[in-house]
Amino acid sequence: MSRLILLNKPYGVICQFSGDGAHVTLKDFVPVPGVYPAGRLDTDSEGLLLLTDDGALQHRIADPRHKLPKTYLVQVEGEPDDAALAALRAGLDLGDFVTRPCRARRVDEPDWLWPRDPPVRFRKNVPTSWLEIVLHEGKNRQVRRMTAKAGFPTLRLIRLAIGDWSLAGLAPGQWHSEQVESPAMSVAKPFAGVDGRRRGGRG
């Protein structure tokens, strides 16, 4: 059996245990020796980060060839219409690569979501919207680049789930540990908020 840690990574935490002199690190939240991140999450992004002590499991979770869906909650500037959502779903040419088809839908602003520290900077008189985006890949800053390409810059990004593993029950900075034999490979289920209540969306 392998150890798998689910961490709700706060904003501003760098995804490594060694310090860089500028950021808080994983060591400040997960005082467990011998575990390493299975995949990455940008310093300015929040949400689910998986860590494990098993190199094979780490590779299986992080490798896009295994197609584990990654579910993100994204606050964007502006109000994406159906055409913008269709473009996100179909795939976008970002210059260095074309994104794979994904799932994208509008959702209501979650009532379970914690306030970000520091707060998001908004532009006065410019509305914001929330999207749920599910990818089967995870290139560097991909969600941010996708929404910017569609004309709706990302203001806040929270990863809700990787496969069947989710944030449910974890406040920012909290983590829990599981013993697993192999990563769950099923399609991601609708995310339930940190209070455990399932959330709906609007298409």
# chains A, B, ... in the order shown; residues from 1 in each chain; ligands from 1
>>> select_by_dssp(residues="region 12-71 of chain A", states="helix (DSSP H, G or I)", output="ChimeraX atom specification")
/A:26-28,55-62,64-66
>>> residues_around(residues="Gly151 (chain A)", least_positions_apart="2", cutoff="12 Å", atoms="only C-alpha atoms", output="list in words")
Val76, Glu77, Gly78, Glu79, Pro80, Asp81, Ala83, Ala84, Leu85, Ala87, Leu88, Leu92, Arg144, Arg145, Met146, Thr147, Ala148, Lys149, Pro153 and Thr154 of chain A
>>> residues_around(residues="Arg141 (chain A)", least_positions_apart="6", cutoff="12 Å", atoms="only C-alpha atoms", output="PyMOL selection string")
chain A and resi 40-45+94+99+147-148+154+157
>>> write_last_selection(atoms="N, CA, C and O atoms", output="compact mmCIF listing (two decimals), in the first residue's frame")
# COMPACT_ATOMS: atom_id res chain seq x y z
N ARG A 40 1.67 19.40 -10.38
CA ARG A 40 1.96 20.74 -9.90
C ARG A 40 0.68 21.55 -9.77
O ARG A 40 -0.36 21.22 -10.34
N LEU A 41 0.78 22.64 -9.02
CA LEU A 41 -0.29 23.63 -8.94
C LEU A 41 0.40 24.97 -8.76
O LEU A 41 1.22 25.13 -7.85
N ASP A 42 0.09 25.92 -9.64
CA ASP A 42 0.78 27.20 -9.62
C ASP A 42 0.74 27.86 -8.25
O ASP A 42 -0.23 27.69 -7.49
N THR A 43 1.75 28.65 -7.96
CA THR A 43 1.82 29.36 -6.68
C THR A 43 0.59 30.23 -6.47
O THR A 43 0.08 30.33 -5.35
N ASP A 44 0.09 30.86 -7.53
CA ASP A 44 -1.06 31.75 -7.41
C ASP A 44 -2.39 31.03 -7.63
O ASP A 44 -3.43 31.67 -7.80
N SER A 45 -2.37 29.70 -7.60
CA SER A 45 -3.59 28.91 -7.67
C SER A 45 -3.80 28.21 -6.33
O SER A 45 -2.88 28.06 -5.54
N LEU A 94 -3.00 27.78 -28.54
CA LEU A 94 -2.29 28.69 -27.65
C LEU A 94 -0.90 29.04 -28.16
O LEU A 94 -0.10 29.64 -27.44
N THR A 99 -5.03 22.97 -27.23
CA THR A 99 -5.61 22.25 -26.10
C THR A 99 -6.54 21.15 -26.58
O THR A 99 -7.17 21.26 -27.64
N THR A 147 -8.53 30.74 -20.75
CA THR A 147 -9.55 31.77 -20.54
C THR A 147 -9.09 33.11 -21.10
O THR A 147 -9.90 33.88 -21.63
N ALA A 148 -7.79 33.40 -21.01
CA ALA A 148 -7.27 34.64 -21.60
C ALA A 148 -7.44 34.63 -23.12
O ALA A 148 -7.83 35.64 -23.72
N THR A 154 -8.40 35.02 -16.17
CA THR A 154 -8.65 34.36 -14.89
C THR A 154 -8.26 35.28 -13.73
O THR A 154 -7.16 35.84 -13.71
N LEU A 157 -8.29 30.84 -9.34
CA LEU A 157 -8.29 29.47 -9.85
C LEU A 157 -8.14 28.50 -8.69
O LEU A 157 -7.18 28.58 -7.92
>>> residues_around(residues="Gly39 (chain A)", least_positions_apart="5", cutoff="12 Å", atoms="only C-alpha atoms", output="ChimeraX atom specification")
/A:15-16,48-52,55,57-64,68,70,137-140,162
>>> closest_residue(among="A:Leu4, A:Asp20, A:Val143, A:Lys67", to="Tyr36 (chain A)", atoms="only C-alpha atoms")
A:Leu4
>>> atom_distance(atom1="CA of Gln75 (chain A)", atom2="CA of Ile5 (chain A)")
26.4 Å
>>> closest_residue(among="A:Val134, A:Leu73, A:Leu160, A:Leu113", to="Pro101 (chain A)", atoms="only C-alpha atoms")
A:Val134
>>> closest_atom_pairs(of="region 107-151 of chain A", to="region 171-175 of chain A", cutoff="10 Å", atoms="only C-alpha atoms", output="JSON lines")
{"residue": "A:Leu113", "atom": "CA", "partner": "A:Ala171", "partner_atom": "CA", "distance": 9.4}
{"residue": "A:Trp114", "atom": "CA", "partner": "A:Ala171", "partner_atom": "CA", "distance": 8.0}
{"residue": "A:Pro115", "atom": "CA", "partner": "A:Pro172", "partner_atom": "CA", "distance": 9.9}
{"residue": "A:Arg116", "atom": "CA", "partner": "A:Pro172", "partner_atom": "CA", "distance": 9.5}
>>> select_by_dssp(residues="region 59-120 of chain A", states="strand (DSSP E or B)", output="list in words")
Lys70, Thr71, Tyr72, Leu73, Val74, Gln75, Val76, Glu77, Asp93, Val98, Arg103, Ala104, Arg105, Arg106 and Val107 of chain A
>>> write_last_selection(atoms="N, CA, C and O atoms", output="mmCIF file, in the first residue's frame")
data_model
loop_
_atom_site.group_PDB
_atom_site.id
_atom_site.type_symbol
_atom_site.label_atom_id
_atom_site.label_comp_id
_atom_site.auth_asym_id
_atom_site.auth_seq_id
_atom_site.Cartn_x
_atom_site.Cartn_y
_atom_site.Cartn_z
ATOM 1 N N LYS A 70 -9.089 16.531 -14.314
ATOM 2 C CA LYS A 70 -8.800 17.540 -13.296
ATOM 3 C C LYS A 70 -9.872 18.619 -13.388
ATOM 4 O O LYS A 70 -10.079 19.204 -14.453
ATOM 5 N N THR A 71 -10.568 18.849 -12.267
ATOM 6 C CA THR A 71 -11.700 19.775 -12.236
ATOM 7 C C THR A 71 -11.286 21.069 -11.549
ATOM 8 O O THR A 71 -10.754 21.045 -10.437
ATOM 9 N N TYR A 72 -11.555 22.189 -12.232
ATOM 10 C CA TYR A 72 -11.164 23.504 -11.732
ATOM 11 C C TYR A 72 -12.380 24.414 -11.605
ATOM 12 O O TYR A 72 -13.276 24.404 -12.466
ATOM 13 N N LEU A 73 -12.371 25.216 -10.568
ATOM 14 C CA LEU A 73 -13.328 26.307 -10.397
ATOM 15 C C LEU A 73 -12.575 27.591 -10.731
ATOM 16 O O LEU A 73 -11.522 27.862 -10.146
ATOM 17 N N VAL A 74 -13.107 28.361 -11.676
ATOM 18 C CA VAL A 74 -12.374 29.499 -12.216
ATOM 19 C C VAL A 74 -13.242 30.750 -12.172
ATOM 20 O O VAL A 74 -14.354 30.762 -12.710
ATOM 21 N N GLN A 75 -12.732 31.781 -11.541
ATOM 22 C CA GLN A 75 -13.387 33.084 -11.589
ATOM 23 C C GLN A 75 -12.715 33.893 -12.690
ATOM 24 O O GLN A 75 -11.483 34.046 -12.704
ATOM 25 N N VAL A 76 -13.519 34.378 -13.617
ATOM 26 C CA VAL A 76 -12.972 35.117 -14.755
ATOM 27 C C VAL A 76 -13.547 36.523 -14.800
ATOM 28 O O VAL A 76 -14.622 36.804 -14.265
ATOM 29 N N GLU A 77 -12.819 37.379 -15.464
ATOM 30 C CA GLU A 77 -13.289 38.740 -15.703
ATOM 31 C C GLU A 77 -14.181 38.727 -16.934
ATOM 32 O O GLU A 77 -13.803 38.224 -17.988
ATOM 33 N N ASP A 93 -5.965 27.115 -29.854
ATOM 34 C CA ASP A 93 -4.573 27.184 -30.294
ATOM 35 C C ASP A 93 -3.865 28.233 -29.440
ATOM 36 O O ASP A 93 -4.108 29.438 -29.585
ATOM 37 N N VAL A 98 -2.092 23.086 -29.042
ATOM 38 C CA VAL A 98 -3.544 23.212 -29.139
ATOM 39 C C VAL A 98 -4.145 22.375 -28.010
ATOM 40 O O VAL A 98 -3.802 21.194 -27.847
ATOM 41 N N ARG A 103 -14.373 19.916 -20.848
ATOM 42 C CA ARG A 103 -15.706 20.313 -20.401
ATOM 43 C C ARG A 103 -15.614 21.693 -19.776
ATOM 44 O O ARG A 103 -14.697 21.977 -19.010
ATOM 45 N N ALA A 104 -16.554 22.563 -20.110
ATOM 46 C CA ALA A 104 -16.586 23.915 -19.540
ATOM 47 C C ALA A 104 -18.035 24.348 -19.430
ATOM 48 O O ALA A 104 -18.810 24.194 -20.374
ATOM 49 N N ARG A 105 -18.398 24.868 -18.282
ATOM 50 C CA ARG A 105 -19.766 25.342 -18.082
ATOM 51 C C ARG A 105 -19.764 26.491 -17.078
ATOM 52 O O ARG A 105 -18.857 26.627 -16.255
ATOM 53 N N ARG A 106 -20.789 27.322 -17.159
ATOM 54 C CA ARG A 106 -20.986 28.365 -16.171
ATOM 55 C C ARG A 106 -21.550 27.742 -14.899
ATOM 56 O O ARG A 106 -22.372 26.821 -14.964
ATOM 57 N N VAL A 107 -21.136 28.255 -13.759
ATOM 58 C CA VAL A 107 -21.676 27.821 -12.472
ATOM 59 C C VAL A 107 -21.946 29.055 -11.627
ATOM 60 O O VAL A 107 -21.407 30.134 -11.868
#
>>> closest_residue(among="A:Val180, A:Val120, A:Ile158, A:Leu170", to="Asp54 (chain A)", atoms="only C-alpha atoms")
A:Val180
>>> closest_residue(among="A:Pro37, A:Gly169, A:Pro10, A:Gly95", to="Trp112 (chain A)", atoms="only C-alpha atoms")
A:Gly169
>>> closest_residue(among="A:Lys124, A:Lys27, A:Arg65, A:Arg100", to="Ile14 (chain A)", atoms="only C-alpha atoms")
A:Lys27
>>> decode(residues="region 127-138 of chain A", atoms="all heavy atoms", output="short mmCIF file (atom, residue, chain, number, x, y, z; two decimals), in the first residue's frame")
data_model
loop_
_atom_site.label_atom_id
_atom_site.label_comp_id
_atom_site.auth_asym_id
_atom_site.auth_seq_id
_atom_site.Cartn_x
_atom_site.Cartn_y
_atom_site.Cartn_z
N PRO A 127 -17.97 43.09 -14.68
CA PRO A 127 -18.54 41.93 -13.99
C PRO A 127 -17.58 40.74 -14.01
O PRO A 127 -16.65 40.67 -14.83
CB PRO A 127 -19.80 41.62 -14.80
CG PRO A 127 -19.50 42.13 -16.17
CD PRO A 127 -18.65 43.36 -15.97
N THR A 128 -17.79 39.82 -13.09
CA THR A 128 -17.02 38.58 -13.08
C THR A 128 -17.98 37.41 -13.14
O THR A 128 -19.17 37.53 -12.83
CB THR A 128 -16.13 38.47 -11.82
OG1 THR A 128 -16.96 38.30 -10.67
CG2 THR A 128 -15.26 39.70 -11.66
N SER A 129 -17.44 36.26 -13.54
CA SER A 129 -18.24 35.03 -13.66
C SER A 129 -17.43 33.85 -13.13
O SER A 129 -16.21 33.93 -12.99
CB SER A 129 -18.60 34.77 -15.13
OG SER A 129 -19.21 35.88 -15.73
N TRP A 130 -18.14 32.77 -12.86
CA TRP A 130 -17.49 31.54 -12.40
C TRP A 130 -17.73 30.44 -13.43
O TRP A 130 -18.83 30.29 -13.97
CB TRP A 130 -18.06 31.10 -11.06
CG TRP A 130 -17.65 32.00 -9.94
CD1 TRP A 130 -18.29 33.12 -9.50
CD2 TRP A 130 -16.48 31.88 -9.12
NE1 TRP A 130 -17.62 33.70 -8.46
CE2 TRP A 130 -16.49 32.95 -8.19
CE3 TRP A 130 -15.43 30.96 -9.07
CZ2 TRP A 130 -15.49 33.14 -7.24
CZ3 TRP A 130 -14.43 31.13 -8.11
CH2 TRP A 130 -14.47 32.21 -7.21
N LEU A 131 -16.67 29.68 -13.70
CA LEU A 131 -16.73 28.56 -14.63
C LEU A 131 -16.22 27.31 -13.93
O LEU A 131 -15.38 27.38 -13.02
CB LEU A 131 -15.86 28.81 -15.87
CG LEU A 131 -16.11 30.06 -16.69
CD1 LEU A 131 -15.08 30.15 -17.81
CD2 LEU A 131 -17.52 30.08 -17.25
N GLU A 132 -16.72 26.16 -14.37
CA GLU A 132 -16.13 24.88 -14.01
C GLU A 132 -15.52 24.30 -15.27
O GLU A 132 -16.20 24.16 -16.29
CB GLU A 132 -17.19 23.92 -13.46
CG GLU A 132 -16.61 22.58 -13.03
CD GLU A 132 -17.70 21.59 -12.66
OE1 GLU A 132 -18.25 20.94 -13.58
OE2 GLU A 132 -17.99 21.46 -11.46
N ILE A 133 -14.23 24.00 -15.22
CA ILE A 133 -13.51 23.48 -16.37
C ILE A 133 -12.87 22.15 -15.97
O ILE A 133 -12.23 22.05 -14.92
CB ILE A 133 -12.43 24.47 -16.86
CG1 ILE A 133 -13.10 25.77 -17.35
CG2 ILE A 133 -11.58 23.85 -17.96
CD1 ILE A 133 -12.11 26.84 -17.78
N VAL A 134 -13.07 21.13 -16.80
CA VAL A 134 -12.51 19.80 -16.54
C VAL A 134 -11.55 19.45 -17.68
O VAL A 134 -11.96 19.35 -18.84
CB VAL A 134 -13.61 18.73 -16.43
CG1 VAL A 134 -12.98 17.37 -16.11
CG2 VAL A 134 -14.63 19.11 -15.36
N LEU A 135 -10.27 19.28 -17.34
CA LEU A 135 -9.24 18.96 -18.32
C LEU A 135 -8.76 17.53 -18.14
O LEU A 135 -8.81 16.98 -17.04
CB LEU A 135 -8.03 19.89 -18.15
CG LEU A 135 -8.25 21.39 -18.24
CD1 LEU A 135 -6.90 22.11 -18.05
CD2 LEU A 135 -8.87 21.79 -19.57
N HIS A 136 -8.23 16.97 -19.24
CA HIS A 136 -7.55 15.68 -19.17
C HIS A 136 -6.07 15.86 -19.50
O HIS A 136 -5.39 14.90 -19.88
CB HIS A 136 -8.19 14.68 -20.14
CG HIS A 136 -9.54 14.21 -19.70
ND1 HIS A 136 -9.73 13.10 -18.92
CD2 HIS A 136 -10.78 14.74 -19.90
CE1 HIS A 136 -11.01 12.93 -18.67
NE2 HIS A 136 -11.67 13.92 -19.25
N GLU A 137 -5.60 17.07 -19.34
CA GLU A 137 -4.18 17.38 -19.51
C GLU A 137 -3.87 18.50 -18.52
O GLU A 137 -4.77 18.97 -17.82
CB GLU A 137 -3.90 17.84 -20.95
CG GLU A 137 -4.73 19.04 -21.38
CD GLU A 137 -4.54 19.39 -22.85
OE1 GLU A 137 -3.51 19.00 -23.43
OE2 GLU A 137 -5.41 20.06 -23.40
N GLY A 138 -2.64 18.92 -18.44
CA GLY A 138 -2.32 19.94 -17.45
C GLY A 138 -1.00 20.62 -17.75
O GLY A 138 -0.05 20.50 -16.97
#
